[in-house]
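Structure below is query-v9.csv: CSV, C-alpha atoms.
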```csv
chain,number,residue,atom,x,y,z
A,122,MET,CA,87.5,129.4,79.2
A,123,LYS,CA,90.4,127.0,78.8
A,124,LEU,CA,92.3,125.1,81.4
A,125,VAL,CA,95.9,124.3,80.6
A,126,THR,CA,97.3,121.6,82.9
A,127,SER,CA,98.9,118.1,83.0
A,128,LEU,CA,96.9,115.0,83.9
A,129,THR,CA,99.1,114.2,86.8
A,130,SER,CA,99.2,117.7,88.4
A,131,PRO,CA,97.4,117.6,91.8
A,132,TYR,CA,97.0,121.4,91.6
A,133,GLY,CA,95.4,121.0,88.2
A,134,ARG,CA,93.2,118.3,89.5
A,135,LYS,CA,92.0,120.6,92.3
A,136,VAL,CA,90.9,123.1,89.6
A,137,ARG,CA,89.3,120.4,87.5
A,138,VAL,CA,87.3,119.1,90.5
A,139,VAL,CA,86.1,122.7,91.3
A,140,LEU,CA,85.1,123.2,87.7
A,141,ALA,CA,83.1,119.9,87.7
A,142,GLU,CA,81.4,120.6,91.1
A,143,LYS,CA,80.4,124.1,89.9
A,144,LYS,CA,79.3,122.8,86.5
A,145,ILE,CA,81.4,125.4,84.6
A,146,PRO,CA,82.1,124.4,81.0
A,147,PHE,CA,85.7,124.6,79.9
A,148,GLN,CA,88.2,123.4,77.3
A,149,LEU,CA,91.0,121.1,78.6
A,150,GLN,CA,94.4,121.6,77.1
A,151,VAL,CA,96.9,118.9,78.3
A,152,GLU,CA,100.4,120.2,78.5
A,153,ASN,CA,103.7,118.8,80.0
A,154,PRO,CA,105.4,122.0,81.3
A,155,TRP,CA,108.7,120.1,81.5
A,156,LEU,CA,109.0,119.7,77.7
A,157,PRO,CA,111.1,122.4,75.9
A,158,ASP,CA,108.3,123.0,73.3
A,159,SER,CA,105.6,123.4,75.9
A,160,SER,CA,103.4,126.5,75.5
A,161,VAL,CA,102.9,126.9,79.3
A,162,ALA,CA,105.6,129.6,79.7
A,163,SER,CA,103.9,131.8,77.2
A,164,LEU,CA,100.8,131.7,79.4
A,165,ASN,CA,102.5,131.7,82.8
A,166,PRO,CA,105.9,133.3,83.1
A,167,LEU,CA,106.6,130.9,86.0
A,168,GLY,CA,106.2,128.0,83.5
A,169,LYS,CA,103.8,126.1,85.8
A,170,VAL,CA,100.4,124.5,85.5
A,171,PRO,CA,97.5,124.9,85.9
A,172,VAL,CA,96.7,128.1,83.9
A,173,LEU,CA,93.2,129.2,83.3
A,174,VAL,CA,92.8,131.2,80.1
A,175,LEU,CA,89.7,133.4,80.2
A,176,GLU,CA,87.5,134.3,77.3
A,177,ASP,CA,89.3,137.7,76.9
A,178,GLY,CA,92.7,135.9,76.8
A,179,VAL,CA,93.7,136.8,80.3
A,180,SER,CA,95.8,134.1,82.0
A,181,VAL,CA,95.1,133.2,85.6
A,182,PHE,CA,97.7,131.1,87.3
A,183,ASP,CA,98.3,129.5,90.7
A,184,SER,CA,95.6,127.0,91.7
A,185,ARG,CA,94.5,128.9,94.8
A,186,VAL,CA,93.9,132.1,92.7
A,187,ILE,CA,92.1,130.1,90.1
A,188,VAL,CA,89.7,128.3,92.4
A,189,GLU,CA,88.8,131.5,94.3
A,190,TYR,CA,88.0,133.1,90.9
A,191,LEU,CA,85.8,130.2,89.9
A,192,ASP,CA,84.0,130.1,93.2
A,193,HIS,CA,83.0,133.8,92.7
A,194,VAL,CA,81.9,133.6,89.0
A,195,SER,CA,79.5,130.7,89.5
A,196,PRO,CA,76.7,130.6,92.2
A,197,VAL,CA,76.6,126.8,92.0
A,198,ALA,CA,78.0,124.8,94.9
A,199,HIS,CA,80.0,127.5,96.7
A,200,LEU,CA,83.1,125.8,98.1
A,201,ILE,CA,84.6,128.8,99.9
A,202,PRO,CA,82.6,130.3,102.8
A,203,SER,CA,81.9,134.0,103.0
A,204,GLU,CA,82.0,134.2,106.8
A,205,PRO,CA,85.6,135.4,107.6
A,206,LYS,CA,86.6,132.8,110.2
A,207,SER,CA,85.1,129.9,108.2
A,208,ARG,CA,86.8,131.2,105.1
A,209,MET,CA,90.1,131.4,106.9
A,210,MET,CA,89.8,127.8,108.1
A,211,VAL,CA,89.0,126.4,104.7
A,212,ARG,CA,91.7,128.4,103.0
A,213,GLY,CA,94.1,127.3,105.7
A,214,VAL,CA,93.5,123.7,105.2
A,215,GLU,CA,93.9,124.2,101.4
A,216,ALA,CA,97.3,125.9,102.1
A,217,LEU,CA,98.2,123.0,104.3
A,218,ALA,CA,97.2,120.4,101.8
A,219,ASP,CA,99.1,122.3,99.0
A,220,GLY,CA,102.1,122.4,101.3
A,221,VAL,CA,102.1,118.6,101.7
A,222,THR,CA,101.8,118.4,97.9
A,223,ASP,CA,104.7,120.7,97.5
A,224,ALA,CA,106.8,118.4,99.7
A,225,ALA,CA,105.7,115.3,97.8
A,226,VAL,CA,106.5,116.9,94.4
A,227,ALA,CA,109.9,118.0,95.7
A,228,LEU,CA,110.5,114.4,96.9
A,229,TYR,CA,109.4,112.9,93.6
A,230,LEU,CA,111.6,115.2,91.5
A,231,GLU,CA,114.7,114.7,93.7
A,232,LYS,CA,114.3,110.9,93.6
A,233,LYS,CA,114.2,111.1,89.8
A,234,ARG,CA,117.8,112.3,89.8
A,235,VAL,CA,120.6,109.8,89.6
A,236,PRO,CA,121.5,108.6,93.1
A,237,GLU,CA,124.9,110.3,93.3
A,238,GLN,CA,123.2,113.7,92.6
A,239,GLN,CA,120.5,113.3,95.2
A,240,SER,CA,120.6,115.3,98.4
A,241,ALA,CA,120.0,113.2,101.4
A,242,ASP,CA,119.4,116.2,103.6
A,243,TRP,CA,116.8,117.6,101.1
A,244,LEU,CA,115.0,114.3,101.0
A,245,VAL,CA,114.8,114.1,104.8
A,246,LEU,CA,113.6,117.6,105.0
A,247,GLN,CA,110.8,117.1,102.5
A,248,GLU,CA,109.8,113.7,104.1
A,249,LYS,CA,109.5,115.4,107.5
A,250,THR,CA,107.4,118.2,106.0
A,251,LEU,CA,105.2,115.7,104.3
A,252,PHE,CA,104.5,113.6,107.4
A,253,ARG,CA,104.0,116.6,109.6
A,254,GLY,CA,101.6,118.0,107.1
A,255,LEU,CA,99.6,114.8,107.0
A,256,GLU,CA,99.4,114.7,110.8
A,257,ALA,CA,98.1,118.2,110.8
A,258,LEU,CA,95.5,117.5,108.1
A,259,SER,CA,94.4,114.5,110.1
A,260,GLU,CA,94.1,116.5,113.3
A,261,ALA,CA,92.2,119.3,111.6
A,262,LEU,CA,89.6,116.8,110.3
A,263,GLY,CA,89.3,114.8,113.5
A,264,GLU,CA,86.1,112.7,113.5
A,265,LYS,CA,84.1,115.2,111.5
A,266,PRO,CA,82.5,114.1,108.2
A,267,TRP,CA,84.0,117.2,106.4
A,268,TYR,CA,86.5,119.8,107.4
A,269,LEU,CA,83.7,122.4,107.9
A,270,GLY,CA,80.0,121.8,108.5
A,271,ASN,CA,78.0,119.1,106.8
A,272,SER,CA,79.0,119.5,103.2
A,273,MET,CA,82.2,119.5,101.1
A,274,THR,CA,84.3,122.6,100.9
A,275,LEU,CA,87.5,123.5,99.1
A,276,ALA,CA,89.4,122.2,102.2
A,277,ASP,CA,88.1,118.7,101.4
A,278,VAL,CA,88.8,119.0,97.7
A,279,ALA,CA,92.4,120.1,98.3
A,280,CYS,CA,93.1,117.4,100.8
A,281,GLY,CA,91.6,114.8,98.5
A,282,CYS,CA,93.8,115.9,95.6
A,283,THR,CA,96.9,115.7,97.8
A,284,LEU,CA,96.0,112.2,99.0
A,285,GLY,CA,95.4,111.2,95.4
A,286,TYR,CA,98.8,112.4,94.4
A,287,LEU,CA,100.4,110.4,97.2
A,288,GLY,CA,98.7,107.4,95.9
A,289,LEU,CA,100.0,108.0,92.4
A,290,ARG,CA,103.6,108.8,93.2
A,291,PHE,CA,104.2,107.2,96.6
A,292,PRO,CA,102.1,104.0,97.0
A,293,ASP,CA,104.6,102.8,99.6
A,294,ILE,CA,103.5,105.6,102.0
A,295,ASP,CA,100.8,104.0,104.1
A,296,TRP,CA,98.9,107.1,105.1
A,297,ARG,CA,95.7,105.2,105.2
A,298,ALA,CA,96.9,103.1,108.2
A,299,ALA,CA,98.4,106.1,109.9
A,300,HIS,CA,95.4,108.3,109.4
A,301,PRO,CA,92.1,106.3,109.1
A,302,ASN,CA,90.0,109.5,109.1
A,303,LEU,CA,91.9,110.8,106.0
A,304,ALA,CA,91.3,107.4,104.4
A,305,LYS,CA,87.6,107.7,105.1
A,306,LEU,CA,87.5,111.2,103.6
A,307,ALA,CA,89.4,110.0,100.5
A,308,ASP,CA,87.0,107.1,100.0
A,309,LYS,CA,84.0,109.4,100.3
A,310,LEU,CA,85.4,111.8,97.8
A,311,ALA,CA,86.2,109.0,95.4
A,312,THR,CA,82.4,108.3,95.0
A,313,ARG,CA,81.9,111.8,93.5
A,314,ALA,CA,81.9,112.1,89.8
A,315,SER,CA,84.3,115.1,90.0
A,316,PHE,CA,87.0,112.9,91.6
A,317,GLN,CA,86.2,109.9,89.4
A,318,GLU,CA,86.6,111.9,86.2
A,319,THR,CA,89.9,113.5,87.3
A,320,VAL,CA,91.9,110.5,88.6
A,321,PRO,CA,95.6,111.3,87.8
A,322,VAL,CA,97.0,109.2,84.9
A,323,THR,CA,100.6,108.9,83.8
```

This entry written out as structure tokens:
Amino acid sequence: MKLVTSLTSPYGRKVRVVLAEKKIPFQLQVENPWLPDSSVASLNPLGKVPVLVLEDGVSVFDSRVIVEYLDHVSPVAHLIPSEPKSRMMVRGVEALADGVTDAAVALYLEKKRVPEQQSADWLVLQEKTLFRGLEALSEALGEKPWYLGNSMTLADVACGCTLGYLGLRFPDIDWRAAHPNLAKLADKLATRASFQETVPVT
């Protein structure tokens, strides 16, 4: 299988971490979906990364769909619980982390516009969403070592990728001081090969 993504995409990183943790071999195709000659739109009509291209040529897109597929096809290191309530909790944290990432990406793109074209109201809205989301991620983790049980799940992976993206694009946001428990989780994840091998680069 082939993963089409950019090296800065936090959604693509989530998929790459899952592939590494589950020891699934794949080919990496680096693409910038913003370039006019990008092939991404031919694989995903939405023009977004990541896209997982299966052996039969079928394209799977949206990171949440991709990671669920990967967790099913390999018995190694299951990251999504089968028990309904636990599964809901893990997928809920993933959705929350992705929502924080969505707000961060929206902020980053808006701030790339020339100042006179930026929407102050839009920036405030996304900042509020981002900080509320971080607070919720912190509350959900509490003082536990992982979001669920005694081992890493997709919830931890998603949160770690979100925090990594904030470090890349918004080093001025001191989420570590505001949420020491998230900082502790991020530091623990950073010791894993799957996170070390997927550090976002510009």

Segment 173-177 of chain A surroundings by only C-alpha atoms, 8 Å radius, close-in-sequence under 6 positions cut, as a ChimeraX atom specification:
/A:122-125,187

Would you mind telling me which residue in A:Glu248, A:Arg290, A:Glu142, A:Arg212 lies nearest to Tyr229 of chain A when using only C-alpha atoms?
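Ranked by minimum distance to Tyr229 of chain A, first place goes to A:Arg290.
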
Measuring atom to atom with all atoms listed in the file, identify which of A:Gly220, A:Ser259, A:Asn302, A:Val278 is nearest to Val136 of chain A.
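The answer is A:Val278, which sits nearest to Val136 of chain A.
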
Please identify all polymer residues within 12 Å of Leu156 of chain A, counting only C-alpha atoms, omitting same-chain residues fewer than 5 positions from it, and present them as a list of chain:residue names.
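Skipping anything fewer than 5 positions along the chain leaves A:Ser127, A:Val161, A:Ala162, A:Gly168, A:Lys169.
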
Using C-alpha atoms, can you export the residues from the last selection as a compact mmCIF listing (two decimals), in the coordinates of the input?
```txt
# COMPACT_ATOMS: atom_id res chain seq x y z
CA SER A 127 98.90 118.10 83.00
CA VAL A 161 102.90 126.90 79.30
CA ALA A 162 105.60 129.60 79.70
CA GLY A 168 106.20 128.00 83.50
CA LYS A 169 103.80 126.10 85.80
```

Show me, as an MDAnalysis selection string, the residues that have an atom within 12 Å of Leu306 of chain A when counting all atoms listed in the file, minus same-chain residues fewer than 5 positions from it.
chainID A and resid 258:259 262:268 272:273 276:285 297 300:301 311:313

Missing atoms in segment 191-227 of chain A: can you complete it with N, CA and C atoms, as an mmCIF file, keeping the file's coordinate frame?
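New file result-v5.cif:
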```cif
data_model
loop_
_atom_site.group_PDB
_atom_site.id
_atom_site.type_symbol
_atom_site.label_atom_id
_atom_site.label_comp_id
_atom_site.auth_asym_id
_atom_site.auth_seq_id
_atom_site.Cartn_x
_atom_site.Cartn_y
_atom_site.Cartn_z
ATOM 1 N N LEU A 191 86.924 131.028 90.353
ATOM 2 C CA LEU A 191 85.800 130.200 89.900
ATOM 3 C C LEU A 191 84.684 130.145 90.914
ATOM 4 N N ASP A 192 85.020 130.168 92.194
ATOM 5 C CA ASP A 192 84.000 130.100 93.200
ATOM 6 C C ASP A 192 83.142 131.402 93.203
ATOM 7 N N HIS A 193 83.745 132.494 92.743
ATOM 8 C CA HIS A 193 83.000 133.800 92.700
ATOM 9 C C HIS A 193 82.158 133.873 91.428
ATOM 10 N N VAL A 194 82.629 133.324 90.312
ATOM 11 C CA VAL A 194 81.900 133.600 89.000
ATOM 12 C C VAL A 194 80.701 132.654 88.871
ATOM 13 N N SER A 195 80.632 131.569 89.631
ATOM 14 C CA SER A 195 79.500 130.700 89.500
ATOM 15 C C SER A 195 78.784 130.546 90.869
ATOM 16 N N PRO A 196 77.457 130.706 90.901
ATOM 17 C CA PRO A 196 76.700 130.600 92.200
ATOM 18 C C PRO A 196 76.490 129.129 92.571
ATOM 19 N N VAL A 197 76.835 128.196 91.697
ATOM 20 C CA VAL A 197 76.600 126.800 92.000
ATOM 21 C C VAL A 197 77.618 126.250 92.976
ATOM 22 N N ALA A 198 77.126 125.533 93.988
ATOM 23 C CA ALA A 198 78.000 124.800 94.900
ATOM 24 C C ALA A 198 79.167 125.612 95.433
ATOM 25 N N HIS A 199 78.885 126.662 96.174
ATOM 26 C CA HIS A 199 80.000 127.500 96.700
ATOM 27 C C HIS A 199 80.864 126.599 97.627
ATOM 28 N N LEU A 200 82.158 126.651 97.389
ATOM 29 C CA LEU A 200 83.100 125.800 98.100
ATOM 30 C C LEU A 200 83.953 126.608 99.104
ATOM 31 N N ILE A 201 83.878 127.938 99.028
ATOM 32 C CA ILE A 201 84.600 128.800 99.900
ATOM 33 C C ILE A 201 83.605 129.647 100.713
ATOM 34 N N PRO A 202 83.539 129.504 102.032
ATOM 35 C CA PRO A 202 82.600 130.300 102.800
ATOM 36 C C PRO A 202 82.820 131.764 102.742
ATOM 37 N N SER A 203 81.770 132.539 102.942
ATOM 38 C CA SER A 203 81.900 134.000 103.000
ATOM 39 C C SER A 203 82.223 134.514 104.361
ATOM 40 N N GLU A 204 81.793 133.785 105.384
ATOM 41 C CA GLU A 204 82.000 134.200 106.800
ATOM 42 C C GLU A 204 83.544 134.169 107.027
ATOM 43 N N PRO A 205 84.132 135.248 107.533
ATOM 44 C CA PRO A 205 85.600 135.400 107.600
ATOM 45 C C PRO A 205 86.317 134.223 108.316
ATOM 46 N N LYS A 206 85.848 133.811 109.488
ATOM 47 C CA LYS A 206 86.600 132.800 110.200
ATOM 48 C C LYS A 206 86.460 131.422 109.509
ATOM 49 N N SER A 207 85.286 131.111 108.991
ATOM 50 C CA SER A 207 85.100 129.900 108.200
ATOM 51 C C SER A 207 85.953 129.880 106.973
ATOM 52 N N ARG A 208 85.974 131.018 106.316
ATOM 53 C CA ARG A 208 86.800 131.200 105.100
ATOM 54 C C ARG A 208 88.259 130.961 105.405
ATOM 55 N N MET A 209 88.724 131.549 106.498
ATOM 56 C CA MET A 209 90.100 131.400 106.900
ATOM 57 C C MET A 209 90.447 129.928 107.163
ATOM 58 N N MET A 210 89.532 129.226 107.811
ATOM 59 C CA MET A 210 89.800 127.800 108.100
ATOM 60 C C MET A 210 89.874 126.981 106.857
ATOM 61 N N VAL A 211 88.948 127.198 105.937
ATOM 62 C CA VAL A 211 89.000 126.400 104.700
ATOM 63 C C VAL A 211 90.203 126.733 103.867
ATOM 64 N N ARG A 212 90.548 128.005 103.727
ATOM 65 C CA ARG A 212 91.700 128.400 103.000
ATOM 66 C C ARG A 212 93.009 127.894 103.665
ATOM 67 N N GLY A 213 92.963 127.843 104.999
ATOM 68 C CA GLY A 213 94.100 127.300 105.700
ATOM 69 C C GLY A 213 94.370 125.874 105.495
ATOM 70 N N VAL A 214 93.301 125.085 105.463
ATOM 71 C CA VAL A 214 93.500 123.700 105.200
ATOM 72 C C VAL A 214 93.926 123.475 103.725
ATOM 73 N N GLU A 215 93.409 124.299 102.825
ATOM 74 C CA GLU A 215 93.900 124.200 101.400
ATOM 75 C C GLU A 215 95.374 124.510 101.363
ATOM 76 N N ALA A 216 95.829 125.533 102.067
ATOM 77 C CA ALA A 216 97.300 125.900 102.100
ATOM 78 C C ALA A 216 98.080 124.730 102.666
ATOM 79 N N LEU A 217 97.557 124.103 103.713
ATOM 80 C CA LEU A 217 98.200 123.000 104.300
ATOM 81 C C LEU A 217 98.345 121.800 103.375
ATOM 82 N N ALA A 218 97.234 121.481 102.723
ATOM 83 C CA ALA A 218 97.200 120.400 101.800
ATOM 84 C C ALA A 218 98.183 120.674 100.599
ATOM 85 N N ASP A 219 98.166 121.906 100.109
ATOM 86 C CA ASP A 219 99.100 122.300 99.000
ATOM 87 C C ASP A 219 100.533 122.179 99.484
ATOM 88 N N GLY A 220 100.791 122.500 100.753
ATOM 89 C CA GLY A 220 102.100 122.400 101.300
ATOM 90 C C GLY A 220 102.622 120.948 101.330
ATOM 91 N N VAL A 221 101.723 120.041 101.693
ATOM 92 C CA VAL A 221 102.100 118.600 101.700
ATOM 93 C C VAL A 221 102.352 118.186 100.228
ATOM 94 N N THR A 222 101.538 118.667 99.311
ATOM 95 C CA THR A 222 101.800 118.400 97.900
ATOM 96 C C THR A 222 103.101 118.915 97.425
ATOM 97 N N ASP A 223 103.421 120.130 97.828
ATOM 98 C CA ASP A 223 104.700 120.700 97.500
ATOM 99 C C ASP A 223 105.864 119.821 97.897
ATOM 100 N N ALA A 224 105.782 119.317 99.133
ATOM 101 C CA ALA A 224 106.800 118.400 99.700
ATOM 102 C C ALA A 224 106.887 117.137 98.870
ATOM 103 N N ALA A 225 105.715 116.597 98.532
ATOM 104 C CA ALA A 225 105.700 115.300 97.800
ATOM 105 C C ALA A 225 106.249 115.522 96.379
ATOM 106 N N VAL A 226 105.924 116.637 95.734
ATOM 107 C CA VAL A 226 106.500 116.900 94.400
ATOM 108 C C VAL A 226 107.988 117.065 94.479
ATOM 109 N N ALA A 227 108.472 117.775 95.494
ATOM 110 C CA ALA A 227 109.900 118.000 95.700
ATOM 111 C C ALA A 227 110.609 116.615 95.877
#
```
